[in-house]
$ cat target_33.txt   # compact mmCIF, C-alpha atoms
# COMPACT_ATOMS: atom_id res chain seq x y z
CA MET A 1 -78.18 -8.02 31.41
CA ALA A 2 -76.94 -4.98 33.32
CA LEU A 3 -79.03 -3.24 35.94
CA ASP A 4 -80.22 0.27 35.10
CA SER A 5 -80.31 1.41 38.74
CA ASN A 6 -80.78 0.17 42.28
CA ILE A 7 -84.56 -0.28 42.06
CA ILE A 8 -86.95 -3.19 41.69
CA TYR A 9 -90.56 -3.83 40.74
CA LEU A 10 -92.70 -5.31 43.52
CA VAL A 11 -95.38 -7.56 42.04
CA SER A 12 -97.91 -7.17 44.83
CA ALA A 13 -100.77 -5.03 46.05
CA SER A 14 -99.95 -5.81 49.69
CA PRO A 15 -99.36 -2.71 51.83
CA ARG A 16 -97.51 -4.94 54.30
CA ARG A 17 -94.94 -5.98 51.69
CA ARG A 18 -94.47 -2.36 50.65
CA GLU A 19 -93.83 -1.31 54.25
CA LEU A 20 -91.39 -4.18 54.80
CA LEU A 21 -89.36 -3.26 51.70
CA LYS A 22 -89.26 0.35 52.87
CA GLN A 23 -88.06 -0.87 56.27
CA ILE A 24 -84.87 -2.29 54.72
CA GLY A 25 -84.36 0.65 52.37
CA VAL A 26 -85.31 -1.01 49.08
CA HIS A 27 -86.50 1.36 46.36
CA PHE A 28 -89.32 -0.06 44.28
CA GLU A 29 -92.22 0.54 41.94
CA THR A 30 -95.38 -1.57 42.08
CA LEU A 31 -96.91 -3.86 39.46
CA LEU A 32 -100.43 -5.04 40.23
CA LEU A 33 -101.80 -8.46 39.36
CA ARG A 34 -105.44 -8.86 38.46
CA SER A 35 -107.16 -10.97 41.09
CA GLY A 36 -110.84 -10.05 41.12
CA PRO A 37 -113.70 -12.02 39.56
CA ASP A 38 -114.72 -9.00 37.48
CA ARG A 39 -111.21 -8.37 36.14
CA GLY A 40 -109.87 -11.87 35.58
CA VAL A 41 -106.86 -13.47 37.24
CA ASP A 42 -103.26 -13.15 36.07
CA VAL A 43 -101.96 -15.97 38.31
CA ASP A 44 -104.15 -18.89 39.36
CA GLU A 45 -103.37 -19.53 43.03
CA THR A 46 -105.30 -22.81 43.31
CA PRO A 47 -103.21 -25.60 44.90
CA THR A 48 -102.80 -28.71 42.77
CA PRO A 49 -103.74 -32.14 44.20
CA GLY A 50 -100.98 -33.57 46.39
CA GLU A 51 -98.87 -30.42 46.19
CA SER A 52 -96.77 -29.69 49.29
CA VAL A 53 -97.08 -26.27 50.86
CA GLU A 54 -93.43 -25.48 50.07
CA ASP A 55 -93.90 -26.41 46.41
CA TYR A 56 -97.13 -24.42 46.35
CA VAL A 57 -95.78 -21.13 47.67
CA GLY A 58 -92.66 -21.49 45.52
CA ARG A 59 -94.70 -22.11 42.38
CA ILE A 60 -96.98 -19.14 43.00
CA ALA A 61 -94.15 -16.75 43.88
CA VAL A 62 -92.27 -17.72 40.71
CA ALA A 63 -95.43 -17.36 38.62
CA LYS A 64 -96.03 -13.86 39.99
CA ALA A 65 -92.42 -12.76 39.46
CA THR A 66 -92.39 -14.24 35.95
CA TRP A 67 -95.64 -12.44 35.16
CA GLY A 68 -94.04 -9.23 36.42
CA TRP A 69 -90.98 -9.62 34.22
CA ARG A 70 -93.18 -10.38 31.22
CA ARG A 71 -95.19 -7.24 31.97
CA ILE A 72 -92.00 -5.18 32.15
CA ARG A 73 -90.84 -6.54 28.81
CA ASP A 74 -94.20 -6.21 27.04
CA ARG A 75 -94.72 -2.63 28.24
CA ARG A 76 -91.08 -1.77 27.50
CA LEU A 77 -90.58 -0.49 31.02
CA PRO A 78 -87.09 0.22 32.38
CA ALA A 79 -85.35 -3.08 33.07
CA HIS A 80 -85.41 -3.69 36.82
CA PRO A 81 -85.83 -7.03 38.63
CA ALA A 82 -89.36 -8.24 39.42
CA LEU A 83 -89.85 -9.42 43.01
CA ALA A 84 -92.88 -11.37 44.21
CA ALA A 85 -93.86 -13.40 47.26
CA ASP A 86 -96.54 -15.83 48.33
CA THR A 87 -97.59 -16.91 51.81
CA ALA A 88 -99.60 -19.90 53.00
CA VAL A 89 -100.55 -21.38 56.33
CA CYS A 90 -100.34 -25.15 56.68
CA LEU A 91 -102.03 -27.30 59.32
CA SER A 92 -101.68 -31.09 59.17
CA GLY A 93 -101.00 -30.94 55.44
CA GLU A 94 -103.95 -28.65 54.66
CA ILE A 95 -103.02 -25.42 52.88
CA PHE A 96 -104.83 -22.27 54.02
CA GLY A 97 -104.69 -19.38 51.61
CA LYS A 98 -106.77 -16.22 51.84
CA PRO A 99 -110.35 -16.84 52.99
CA GLY A 100 -112.96 -16.42 50.29
CA ASN A 101 -115.64 -15.15 52.66
CA PRO A 102 -116.22 -14.54 56.41
CA GLU A 103 -117.48 -18.09 56.94
CA ASN A 104 -114.28 -19.45 55.41
CA ALA A 105 -112.20 -17.18 57.68
CA LEU A 106 -114.12 -18.37 60.74
CA ASP A 107 -113.58 -22.01 59.75
CA MET A 108 -109.82 -21.41 59.44
CA LEU A 109 -109.65 -19.79 62.88
CA LYS A 110 -111.57 -22.69 64.44
CA LYS A 111 -109.03 -25.14 63.01
CA LEU A 112 -106.06 -23.04 64.17
CA SER A 113 -107.41 -22.48 67.69
CA GLY A 114 -105.21 -24.08 70.34
CA ARG A 115 -102.88 -25.62 67.79
CA GLU A 116 -99.50 -25.05 66.18
CA HIS A 117 -99.30 -24.43 62.45
CA GLU A 118 -96.66 -23.61 59.87
CA VAL A 119 -96.40 -20.41 57.85
CA LEU A 120 -94.36 -20.57 54.66
CA THR A 121 -93.50 -17.59 52.50
CA ALA A 122 -91.62 -17.94 49.24
CA VAL A 123 -89.86 -14.97 47.62
CA ALA A 124 -88.90 -15.03 43.94
CA CYS A 125 -86.96 -12.53 41.85
CA VAL A 126 -86.75 -12.58 38.05
CA PHE A 127 -84.35 -10.45 35.99
CA GLY A 128 -83.97 -11.46 32.36
CA GLU A 129 -82.99 -15.13 32.32
CA ARG A 130 -82.11 -15.14 36.02
CA LEU A 131 -84.42 -16.56 38.65
CA GLU A 132 -83.67 -16.58 42.37
CA ILE A 133 -85.99 -18.04 45.00
CA GLY A 134 -85.96 -18.44 48.76
CA VAL A 135 -88.43 -19.90 51.26
CA SER A 136 -89.03 -18.92 54.88
CA ARG A 137 -90.63 -21.45 57.23
CA SER A 138 -92.05 -20.44 60.63
CA ARG A 139 -94.15 -22.07 63.33
CA VAL A 140 -96.98 -20.28 65.15
CA ARG A 141 -99.12 -21.55 68.01
CA PHE A 142 -102.51 -20.06 68.78
CA CYS A 143 -104.12 -20.10 72.19
CA GLU A 144 -107.59 -21.56 72.61
CA LEU A 145 -110.04 -19.11 71.05
CA THR A 146 -113.63 -18.62 72.11
CA ASP A 147 -116.42 -18.44 69.55
CA ARG A 148 -116.95 -14.79 70.42
CA GLU A 149 -113.27 -13.95 69.97
CA MET A 150 -113.24 -15.55 66.54
CA ARG A 151 -116.50 -13.98 65.39
CA ASP A 152 -115.51 -10.55 66.67
CA TYR A 153 -112.18 -10.81 64.88
CA VAL A 154 -113.76 -11.87 61.59
CA ALA A 155 -116.22 -8.97 61.93
CA THR A 156 -113.30 -6.51 61.81
CA GLY A 157 -112.59 -7.56 58.22
CA GLU A 158 -108.89 -7.96 58.97
CA PRO A 159 -108.72 -11.68 58.08
CA MET A 160 -110.09 -11.34 54.57
CA ASP A 161 -106.87 -10.68 52.62
CA LYS A 162 -104.53 -12.64 54.87
CA ALA A 163 -103.24 -16.19 54.42
CA GLY A 164 -104.76 -18.38 57.11
CA GLY A 165 -107.33 -15.71 57.94
CA TYR A 166 -105.24 -13.67 60.36
CA ALA A 167 -102.65 -10.88 60.57
CA ILE A 168 -99.91 -11.44 63.14
CA GLN A 169 -99.09 -7.73 63.04
CA GLY A 170 -102.74 -6.81 63.61
CA ARG A 171 -105.43 -7.67 66.14
CA ALA A 172 -104.62 -11.38 65.91
CA ALA A 173 -101.32 -10.76 67.70
CA ARG A 174 -103.13 -11.46 70.98
CA PHE A 175 -103.96 -14.99 69.76
CA VAL A 176 -100.29 -15.94 69.30
CA GLU A 177 -99.02 -17.98 72.23
CA ARG A 178 -95.58 -18.42 70.67
CA MET A 179 -93.76 -18.16 67.37
CA GLU A 180 -90.53 -19.62 65.98
CA GLY A 181 -89.02 -18.31 62.78
CA SER A 182 -89.39 -15.10 60.81
CA TYR A 183 -91.90 -12.50 62.03
CA SER A 184 -91.64 -10.63 58.71
CA GLY A 185 -92.09 -13.95 56.92
CA VAL A 186 -95.36 -14.56 58.74
CA MET A 187 -96.38 -11.02 57.75
CA GLY A 188 -95.76 -11.90 54.11
CA LEU A 189 -92.20 -10.94 53.16
CA PRO A 190 -89.24 -12.53 55.00
CA LEU A 191 -86.66 -9.76 55.07
CA PHE A 192 -83.58 -11.97 55.47
CA GLU A 193 -84.44 -14.13 52.45
CA THR A 194 -85.45 -11.05 50.46
CA GLY A 195 -82.15 -9.35 51.22
CA GLN A 196 -80.22 -12.46 50.17
CA LEU A 197 -82.08 -12.64 46.85
CA LEU A 198 -81.48 -8.99 46.09
CA ARG A 199 -77.78 -9.40 46.90
CA LYS A 200 -77.55 -12.33 44.47
CA ILE A 201 -79.30 -10.36 41.76
CA GLY A 202 -76.99 -7.37 42.34
CA GLN A 203 -79.42 -5.05 44.11
CA SER A 204 -77.65 -4.50 47.41
$ encode --input "target_33.txt" --output "structure tokens"
Amino acid sequence: MALDSNIIYLVSASPRRRELLKQIGVHFETLLLRSGPDRGVDVDETPTPGESVEDYVGRIAVAKATWGWRRIRDRRLPAHPALAADTAVCLSGEIFGKPGNPENALDMLKKLSGREHEVLTAVACVFGERLEIGVSRSRVRFCELTDREMRDYVATGEPMDKAGGYAIQGRAARFVERMEGSYSGVMGLPLFETGQLLRKIGQS
């Protein structure tokens, strides 16, 4: 299948992923997944028993990108690749997705306090029969957090749509003692891996 133009569909509502794509000059349109209890869910992001964090983020990213391509086909939209990503925090084998409520966010922060954790982000791109996927793996260590610091941070609302209950590019930056890996990957879209996928698919 030939590409119509140098543009993609981003299957995400994340403003961070939109800004990161703009940063590297990628032109895109957005496809939005349903994810609210009143609207249904297009991709179930529940981890399966015994699933590794790498398998989990890869499975969800592929499911989102595949949903995007199906949406393009069903709506007879111009044929451009569908790009999606998924991020998870992992601590001692436990997968932290987005907190469901402030109490859940606070519990995540308590577990991350003073410890090192992994952040994995998978990026998947679907175009016709082609599927490309890449995974970024980073390590982040938090300083020891006080109860007040954690409660004040949760009260800002910033943790609620972030994997692991924090945004490294936001107010939680002051919690990060050190980081190894991809800063953009921890934000939610690793730009190196994304660029490699788009090159393979013919978009760069």
$ residues_around --input "target_33.txt" --residues "range 79-95 of chain A" --least-positions-apart "4" --cutoff "7 Å" --atoms "all atoms listed in the file" --output "PyMOL selection string"
chain A and resi 3-4+7-12+53+57+60-61+64-65+68-69+117-127+163-164+188-189
$ closest_residue --input "target_33.txt" --among "A:Arg139, A:Arg59, A:Lys162, A:Arg70" --to "Met108 in chain A" --atoms "only C-alpha atoms"
A:Lys162
$ atom_distance --input "target_33.txt" --atom1 "CA of Arg151 in chain A" --atom2 "CA of Gly165 in chain A"
11.9 Å
$ closest_residue --input "target_33.txt" --among "A:Ile168, A:Val62, A:Val43, A:Cys143" --to "Ser184 in chain A" --atoms "all atoms listed in the file"
A:Ile168
$ axis_aligned_box --input "target_33.txt" --around "range 141-152 of chain A" --padding-each-side "5 Å" --output "AutoDock Vina command-line options"
--center_x -108.0 --center_y -16.1 --center_z 69.0 --size_x 27.8 --size_y 21.0 --size_z 17.2
$ closest_residue --input "target_33.txt" --among "A:Met187, A:Val176, A:Val26, A:Leu77" --to "Ser14 in chain A" --atoms "all atoms listed in the file"
A:Met187
$ closest_residue --input "target_33.txt" --among "A:Glu180, A:Leu197, A:Lys111, A:Phe192" --to "Leu20 in chain A" --atoms "only C-alpha atoms"
A:Phe192
$ atom_distance --input "target_33.txt" --atom1 "CA of Gly195 in chain A" --atom2 "CA of Lys22 in chain A"
12.1 Å
$ closest_residue --input "target_33.txt" --among "A:Glu103, A:Glu158, A:Asp152, A:Glu193" --to "Val135 in chain A" --atoms "only C-alpha atoms"
A:Glu193
$ residues_around --input "target_33.txt" --residues "Ala105 in chain A" --least-positions-apart "4" --cutoff "9 Å" --atoms "all atoms listed in the file" --output "ChimeraX atom specification"
/A:98-101,109-110,154,159-160,164-166
$ atom_distance --input "target_33.txt" --atom1 "CA of Arg75 in chain A" --atom2 "CA of Ala13 in chain A"
19.0 Å
$ decode --input "target_33.txt" --residues "range 73-105 of chain A" --atoms "N, CA and C atoms" --output "mmCIF file, in the first residue's frame"
data_model
loop_
_atom_site.group_PDB
_atom_site.id
_atom_site.type_symbol
_atom_site.label_atom_id
_atom_site.label_comp_id
_atom_site.auth_asym_id
_atom_site.auth_seq_id
_atom_site.Cartn_x
_atom_site.Cartn_y
_atom_site.Cartn_z
ATOM 1 N N ARG A 73 -10.140 2.518 8.231
ATOM 2 C CA ARG A 73 -10.733 1.719 7.161
ATOM 3 C C ARG A 73 -12.261 1.799 7.181
ATOM 4 N N ASP A 74 -12.854 1.650 8.366
ATOM 5 C CA ASP A 74 -14.313 1.641 8.469
ATOM 6 C C ASP A 74 -14.932 2.984 8.108
ATOM 7 N N ARG A 75 -14.225 4.074 8.441
ATOM 8 C CA ARG A 75 -14.738 5.409 8.142
ATOM 9 C C ARG A 75 -14.280 5.912 6.780
ATOM 10 N N ARG A 76 -13.526 5.070 6.084
ATOM 11 C CA ARG A 76 -13.008 5.395 4.753
ATOM 12 C C ARG A 76 -12.236 6.715 4.764
ATOM 13 N N LEU A 77 -11.413 6.864 5.785
ATOM 14 C CA LEU A 77 -10.559 8.033 5.891
ATOM 15 C C LEU A 77 -9.344 7.865 4.979
ATOM 16 N N PRO A 78 -8.671 8.964 4.641
ATOM 17 C CA PRO A 78 -7.439 8.842 3.844
ATOM 18 C C PRO A 78 -6.462 7.883 4.519
ATOM 19 N N ALA A 79 -5.794 7.072 3.710
ATOM 20 C CA ALA A 79 -4.950 6.003 4.244
ATOM 21 C C ALA A 79 -3.601 6.536 4.701
ATOM 22 N N HIS A 80 -3.497 6.768 6.022
ATOM 23 C CA HIS A 80 -2.239 7.140 6.654
ATOM 24 C C HIS A 80 -1.980 6.149 7.794
ATOM 25 N N PRO A 81 -0.726 5.946 8.174
ATOM 26 C CA PRO A 81 -0.420 5.031 9.282
ATOM 27 C C PRO A 81 -1.055 5.476 10.597
ATOM 28 N N ALA A 82 -1.414 4.490 11.428
ATOM 29 C CA ALA A 82 -1.956 4.743 12.769
ATOM 30 C C ALA A 82 -0.865 4.464 13.787
ATOM 31 N N LEU A 83 -0.543 5.468 14.606
ATOM 32 C CA LEU A 83 0.500 5.354 15.617
ATOM 33 C C LEU A 83 -0.128 5.430 17.001
ATOM 34 N N ALA A 84 0.284 4.524 17.880
ATOM 35 C CA ALA A 84 -0.224 4.528 19.253
ATOM 36 C C ALA A 84 0.902 4.161 20.206
ATOM 37 N N ALA A 85 0.722 4.516 21.470
ATOM 38 C CA ALA A 85 1.739 4.204 22.480
ATOM 39 C C ALA A 85 1.054 3.852 23.792
ATOM 40 N N ASP A 86 1.784 3.150 24.635
ATOM 41 C CA ASP A 86 1.284 2.855 25.977
ATOM 42 C C ASP A 86 2.461 2.859 26.947
ATOM 43 N N THR A 87 2.220 3.440 28.113
ATOM 44 C CA THR A 87 3.266 3.581 29.127
ATOM 45 C C THR A 87 2.829 2.928 30.430
ATOM 46 N N ALA A 88 3.760 2.267 31.092
ATOM 47 C CA ALA A 88 3.481 1.702 32.415
ATOM 48 C C ALA A 88 4.715 1.833 33.290
ATOM 49 N N VAL A 89 4.474 1.986 34.551
ATOM 50 C CA VAL A 89 5.524 1.989 35.568
ATOM 51 C C VAL A 89 5.543 0.608 36.208
ATOM 52 N N CYS A 90 6.732 0.097 36.471
ATOM 53 C CA CYS A 90 6.856 -1.229 37.074
ATOM 54 C C CYS A 90 7.778 -1.156 38.290
ATOM 55 N N LEU A 91 7.301 -1.686 39.399
ATOM 56 C CA LEU A 91 8.091 -1.753 40.636
ATOM 57 C C LEU A 91 7.993 -3.159 41.197
ATOM 58 N N SER A 92 9.130 -3.852 41.223
ATOM 59 C CA SER A 92 9.181 -5.219 41.757
ATOM 60 C C SER A 92 8.131 -6.123 41.118
ATOM 61 N N GLY A 93 7.960 -5.993 39.811
ATOM 62 C CA GLY A 93 7.025 -6.837 39.085
ATOM 63 C C GLY A 93 5.593 -6.349 39.076
ATOM 64 N N GLU A 94 5.274 -5.329 39.868
ATOM 65 C CA GLU A 94 3.914 -4.788 39.902
ATOM 66 C C GLU A 94 3.771 -3.693 38.846
ATOM 67 N N ILE A 95 2.729 -3.793 38.025
ATOM 68 C CA ILE A 95 2.487 -2.824 36.966
ATOM 69 C C ILE A 95 1.578 -1.717 37.480
ATOM 70 N N PHE A 96 2.049 -0.476 37.342
ATOM 71 C CA PHE A 96 1.259 0.693 37.712
ATOM 72 C C PHE A 96 0.799 1.387 36.437
ATOM 73 N N GLY A 97 -0.500 1.399 36.222
ATOM 74 C CA GLY A 97 -1.052 2.172 35.126
ATOM 75 C C GLY A 97 -1.476 3.541 35.633
ATOM 76 N N LYS A 98 -2.565 4.062 35.086
ATOM 77 C CA LYS A 98 -3.095 5.336 35.557
ATOM 78 C C LYS A 98 -3.923 5.095 36.815
ATOM 79 N N PRO A 99 -3.766 5.941 37.823
ATOM 80 C CA PRO A 99 -4.561 5.743 39.050
ATOM 81 C C PRO A 99 -6.046 5.952 38.795
ATOM 82 N N GLY A 100 -6.856 5.125 39.433
ATOM 83 C CA GLY A 100 -8.300 5.233 39.248
ATOM 84 C C GLY A 100 -8.940 6.313 40.094
ATOM 85 N N ASN A 101 -8.247 6.731 41.152
ATOM 86 C CA ASN A 101 -8.787 7.744 42.053
ATOM 87 C C ASN A 101 -7.616 8.321 42.865
ATOM 88 N N PRO A 102 -7.841 9.423 43.609
ATOM 89 C CA PRO A 102 -6.743 10.026 44.368
ATOM 90 C C PRO A 102 -6.097 9.081 45.380
ATOM 91 N N GLU A 103 -6.882 8.207 45.995
ATOM 92 C CA GLU A 103 -6.325 7.265 46.956
ATOM 93 C C GLU A 103 -5.362 6.300 46.273
ATOM 94 N N ASN A 104 -5.727 5.877 45.068
ATOM 95 C CA ASN A 104 -4.875 4.989 44.286
ATOM 96 C C ASN A 104 -3.570 5.698 43.903
ATOM 97 N N ALA A 105 -3.673 6.975 43.532
ATOM 98 C CA ALA A 105 -2.478 7.756 43.186
ATOM 99 C C ALA A 105 -1.563 7.889 44.394
#
